[in-house]
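*Asks:* I have a structure here, written as structure tokens, and I will follow up with some questions on it.
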Amino acid sequence: MQILDGKALSQKITQKVKEETQELKERHGIIPGLAVILVGDDPASHTYVKMKESACEKVGFYSIVHKMPASINQEEIEETIRMMNNNPNIHGILVQLPLPQHIDTTRILELIDPSKDVDGFHPYNFGRLMEGLDTFAPCTPLGVMEMLAAYDIDPKGMDVCVVGASNIVGKPMAALLLNANATVDICHIYTKDLQSHTKKADMVVVGVGKPNLITADMVKDGAVVVDIGINKLPDGKLVGDVDFENVSKKASYITPVPGGVGPMTIAMLLKNTLKAAKQRIKA
Ligand code: GUN
């Protein structure tokens with residue numbers, strides 16, 4: 001069994017982004033700029049945004065965080081997005097999800113200029129992803145693909161079971177794997193017999209948010225197991241969706257939590273922002 005070390009790999013990618021950022025500054029006078037919109041006081045969202053800010057600082061990006069109270073109205077968020085769409089120093093715009101109940105999230109995401117949509121949540125980019133075209137792919141599934149590539153794990157021809165069908169993880173994950181020529185099975189909360197799907201898979205990718213959802217009896221010997229879940233237990237311990245201790249005894253490769261997919265997500269945000277900035281280079 002080999003651990004897929006997302007922490008080490010993300011550091012390597014971050015270093016590369018830093019070098020390319022320096023080059024972009026020197027050659028073209030462009031400093032990649034990321035605007036983050038954070039609404040309300042969800043502690044997890046605040047933690048994620050702090051991590052994103054600090055990552056931007058590390059690689060020499062310009063970044064701003066628009067913090068707004070949970071009581072803000074739709075129009076005020078939309079006005080901020082319009083401002084960021086028109087700001088030439090901003091190349092990437094990210095709205096931290098979830099937004100408060102009274103906000104229409106779809107309308108907010110659809111307002112982001114697709115060329116600045118570094119989270120890949122705009123339907124235009126999602127559509128391009130489905131078509132297998134160049135696009136901004138959502139950072140978490142993109143991080144999984146980078147990790148597989150770094151360890152020479154080629155999904156081509158593999159039976160892959162994706163557990164979780166969210167718009168930001170499961171669906172784009174399935175699209176990326178399908179584009180990489182895997183045979184993809186997507187399971188979700190209404191799947192009748194989850195084990196019958198996971199058990200026959202060469203690779204299981206799970207992002208649901210339920211500790212111990214995937215147990216050893218649910219995976220095939222030698223399967224690749226990718227755990228996207230992040231759950232905080234009552235004692236404060238962070239765990240994924242996979243029973244790591246027992247599943248790792250059967251898997252050929254497995255991601256730990258923490259230190260697996262999590263750090264890759266932020267590295268991909270940096271990569272996508274750099275990509276958006278590079279698209280501004282005048283021919
Ligand atoms: N909330 C949970 N994951 C994400 C993410 O990847 N991006 C944003 N913007 N919000 C999130």
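By convention here, the chains of the structure tokens are called A, B, ... in the order presented, each chain's residues are numbered starting at 1, and ligands are numbered starting at 1 in the order presented.
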Each residue of chain A lying at most 8 Å from ligand 1 should get a row with its shortest atom-to-atom pair and the distance in Å to one decimal, counting only C-alpha atoms and all ligand atoms; could you produce that, ordered by chain and increasing number, as JSON lines?
*Replies:*
```
{"residue": "A:Ser45", "atom": "CA", "partner": "ligand 1", "partner_atom_place_in_ligand_line": "1 (N)", "distance": 6.9}
{"residue": "A:Leu94", "atom": "CA", "partner": "ligand 1", "partner_atom_place_in_ligand_line": "9 (N)", "distance": 5.3}
{"residue": "A:Val95", "atom": "CA", "partner": "ligand 1", "partner_atom_place_in_ligand_line": "9 (N)", "distance": 4.7}
{"residue": "A:Gln96", "atom": "CA", "partner": "ligand 1", "partner_atom_place_in_ligand_line": "9 (N)", "distance": 3.6}
{"residue": "A:Leu97", "atom": "CA", "partner": "ligand 1", "partner_atom_place_in_ligand_line": "10 (N)", "distance": 3.8}
{"residue": "A:Pro98", "atom": "CA", "partner": "ligand 1", "partner_atom_place_in_ligand_line": "1 (N)", "distance": 5.9}
{"residue": "A:Asp119", "atom": "CA", "partner": "ligand 1", "partner_atom_place_in_ligand_line": "7 (N)", "distance": 6.0}
{"residue": "A:Pro138", "atom": "CA", "partner": "ligand 1", "partner_atom_place_in_ligand_line": "6 (O)", "distance": 6.8}
{"residue": "A:Cys139", "atom": "CA", "partner": "ligand 1", "partner_atom_place_in_ligand_line": "6 (O)", "distance": 6.0}
{"residue": "A:Thr140", "atom": "CA", "partner": "ligand 1", "partner_atom_place_in_ligand_line": "6 (O)", "distance": 6.2}
{"residue": "A:Ile168", "atom": "CA", "partner": "ligand 1", "partner_atom_place_in_ligand_line": "6 (O)", "distance": 6.7}
{"residue": "A:Thr265", "atom": "CA", "partner": "ligand 1", "partner_atom_place_in_ligand_line": "6 (O)", "distance": 7.0}
```
*Asks:* Find the spatial neighbours of Met264 (chain A), counting only C-alpha atoms, within a cut-off of 6 Å - ignore same-chain residues fewer than 2 positions away - and output them as a VMD selection string.
*Replies:* chain A and resid 6 10 143 261 to 262 266 to 267
*Asks:* Just asking: which residues within region 36-200 of chain A are strand (DSSP E) according to DSSP, as number ranges by chain?
*Replies:* A: 36-39, 62-68, 92-95, 159-163, 183-187
*Asks:* Go ahead and save the picked residues with N, CA and C atoms, as a tab-separated table (two decimals), in the first residue's frame.
*Replies:*
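Once written, out32.tsv looks like this:
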```
chain	number	residue	atom	x	y	z
A	36	VAL	N	-11.83	37.02	-3.09
A	36	VAL	CA	-12.65	36.01	-2.41
A	36	VAL	C	-13.82	36.72	-1.75
A	37	ILE	N	-15.00	36.18	-1.93
A	37	ILE	CA	-16.18	36.75	-1.29
A	37	ILE	C	-16.65	35.77	-0.22
A	38	LEU	N	-16.68	36.27	1.01
A	38	LEU	CA	-17.00	35.42	2.16
A	38	LEU	C	-18.20	36.03	2.88
A	39	VAL	N	-19.30	35.30	2.90
A	39	VAL	CA	-20.53	35.81	3.51
A	39	VAL	C	-20.86	35.03	4.78
A	62	TYR	N	-1.73	38.87	-5.64
A	62	TYR	CA	-2.49	39.93	-4.99
A	62	TYR	C	-3.82	39.30	-4.60
A	63	SER	N	-4.23	39.47	-3.34
A	63	SER	CA	-5.54	38.89	-3.01
A	63	SER	C	-6.34	39.81	-2.10
A	64	ILE	N	-7.64	39.81	-2.32
A	64	ILE	CA	-8.51	40.57	-1.43
A	64	ILE	C	-9.67	39.68	-1.00
A	65	VAL	N	-10.08	39.87	0.25
A	65	VAL	CA	-11.22	39.12	0.76
A	65	VAL	C	-12.32	40.12	1.10
A	66	HIS	N	-13.48	39.96	0.46
A	66	HIS	CA	-14.64	40.79	0.79
A	66	HIS	C	-15.46	40.03	1.81
A	67	LYS	N	-15.39	40.49	3.06
A	67	LYS	CA	-16.17	39.82	4.11
A	67	LYS	C	-17.49	40.55	4.26
A	68	MET	N	-18.58	39.80	4.24
A	68	MET	CA	-19.92	40.40	4.34
A	68	MET	C	-20.73	39.68	5.42
A	92	GLY	N	-9.10	36.24	-10.82
A	92	GLY	CA	-9.92	35.13	-10.32
A	92	GLY	C	-10.91	35.61	-9.26
A	93	ILE	N	-12.13	35.09	-9.35
A	93	ILE	CA	-13.16	35.44	-8.35
A	93	ILE	C	-13.70	34.15	-7.75
A	94	LEU	N	-13.77	34.13	-6.43
A	94	LEU	CA	-14.24	32.93	-5.75
A	94	LEU	C	-15.26	33.33	-4.70
A	95	VAL	N	-16.42	32.74	-4.77
A	95	VAL	CA	-17.44	32.96	-3.74
A	95	VAL	C	-17.43	31.73	-2.84
A	159	ASP	N	-12.57	0.77	-13.82
A	159	ASP	CA	-13.92	0.96	-13.28
A	159	ASP	C	-13.76	1.83	-12.04
A	160	VAL	N	-14.32	3.03	-12.11
A	160	VAL	CA	-14.19	3.96	-10.99
A	160	VAL	C	-15.57	4.22	-10.39
A	161	CYS	N	-15.66	4.12	-9.08
A	161	CYS	CA	-16.91	4.44	-8.40
A	161	CYS	C	-16.74	5.77	-7.67
A	162	VAL	N	-17.51	6.77	-8.10
A	162	VAL	CA	-17.51	8.07	-7.42
A	162	VAL	C	-18.69	8.06	-6.46
A	163	VAL	N	-18.42	8.29	-5.19
A	163	VAL	CA	-19.50	8.31	-4.20
A	163	VAL	C	-19.72	9.76	-3.78
A	183	THR	N	-14.39	4.16	-16.78
A	183	THR	CA	-15.82	3.81	-16.76
A	183	THR	C	-16.33	4.24	-15.40
A	184	VAL	N	-17.25	5.19	-15.39
A	184	VAL	CA	-17.58	5.84	-14.12
A	184	VAL	C	-18.99	5.50	-13.65
A	185	ASP	N	-19.05	5.16	-12.39
A	185	ASP	CA	-20.29	4.84	-11.71
A	185	ASP	C	-20.46	5.97	-10.68
A	186	ILE	N	-21.60	6.65	-10.68
A	186	ILE	CA	-21.79	7.72	-9.70
A	186	ILE	C	-22.86	7.29	-8.69
A	187	CYS	N	-22.48	7.21	-7.43
A	187	CYS	CA	-23.42	6.80	-6.38
A	187	CYS	C	-23.77	8.00	-5.51
```
*Asks:* What is the CA of Glu110 (chain A) to CA of Phe126 (chain A) distance in Å?
*Replies:*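 Interatomic distance here is 11.1 Å.
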*Asks:* Using only C-alpha atoms, find the one residue out of A:Ala201, A:Ile281, A:Leu9, A:Ile31 that sits nearest to Tyr151 (chain A).
*Replies:*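 Going through A:Ala201, A:Ile281, A:Leu9, A:Ile31 one by one, the smallest distance to Tyr151 (chain A) is for A:Leu9.
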*Asks:* Figure out the distance between CA of Thr47 (chain A) and CA of Ile81 (chain A), please, to one decimal in Å.
*Replies:*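 Distance between the two atoms: 21.8 Å.
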*Asks:* Please identify all polymer residues within 10 Å of region 16-27 of chain A, counting only C-alpha atoms, omitting same-chain residues fewer than 5 positions from it, and present them as a PDB file with C-alpha atoms, in the first residue's frame.
*Replies:*
```pdb
ATOM      1  CA  SER A  10       0.909  20.426  -3.131  1.00  0.00           C
ATOM      2  CA  GLN A  11       4.115  22.009  -1.836  1.00  0.00           C
ATOM      3  CA  PRO A  32      -2.192  37.327 -10.486  1.00  0.00           C
ATOM      4  CA  CYS A  56      -1.914  33.483  -2.245  1.00  0.00           C
ATOM      5  CA  GLU A  57       0.513  35.461  -0.144  1.00  0.00           C
ATOM      6  CA  LYS A  58       3.077  32.659  -0.243  1.00  0.00           C
ATOM      7  CA  VAL A  59       3.232  32.625  -4.048  1.00  0.00           C
ATOM      8  CA  GLY A  60       3.162  36.396  -4.500  1.00  0.00           C
ATOM      9  CA  PHE A  61      -0.433  36.865  -5.686  1.00  0.00           C
ATOM     10  CA  ALA A 267      -2.783  24.228  -4.846  1.00  0.00           C
ATOM     11  CA  MET A 268      -5.284  23.906  -7.730  1.00  0.00           C
ATOM     12  CA  LEU A 270      -3.440  28.829  -7.190  1.00  0.00           C
ATOM     13  CA  LYS A 271      -2.908  27.031 -10.480  1.00  0.00           C
ATOM     14  CA  ASN A 272      -6.293  28.120 -11.837  1.00  0.00           C
ATOM     15  CA  THR A 273      -5.699  31.735 -10.775  1.00  0.00           C
ATOM     16  CA  LEU A 274      -2.299  31.747 -12.444  1.00  0.00           C
ATOM     17  CA  LYS A 275      -3.916  30.292 -15.575  1.00  0.00           C
ATOM     18  CA  ALA A 277      -3.825  35.692 -15.186  1.00  0.00           C
ATOM     19  CA  LYS A 278      -1.784  34.196 -18.041  1.00  0.00           C
ATOM     20  CA  ILE A 281      -1.038  38.231 -21.678  1.00  0.00           C
TER      21      ILE A 281
END
```
*Asks:* Per DSSP on the backbone, filter region 165-264 of chain A down to the residues in helix (DSSP H, G or I) and report them as a ChimeraX atom specification.
*Replies:* /A:170-179,194-198,216-218,244-247,261-264
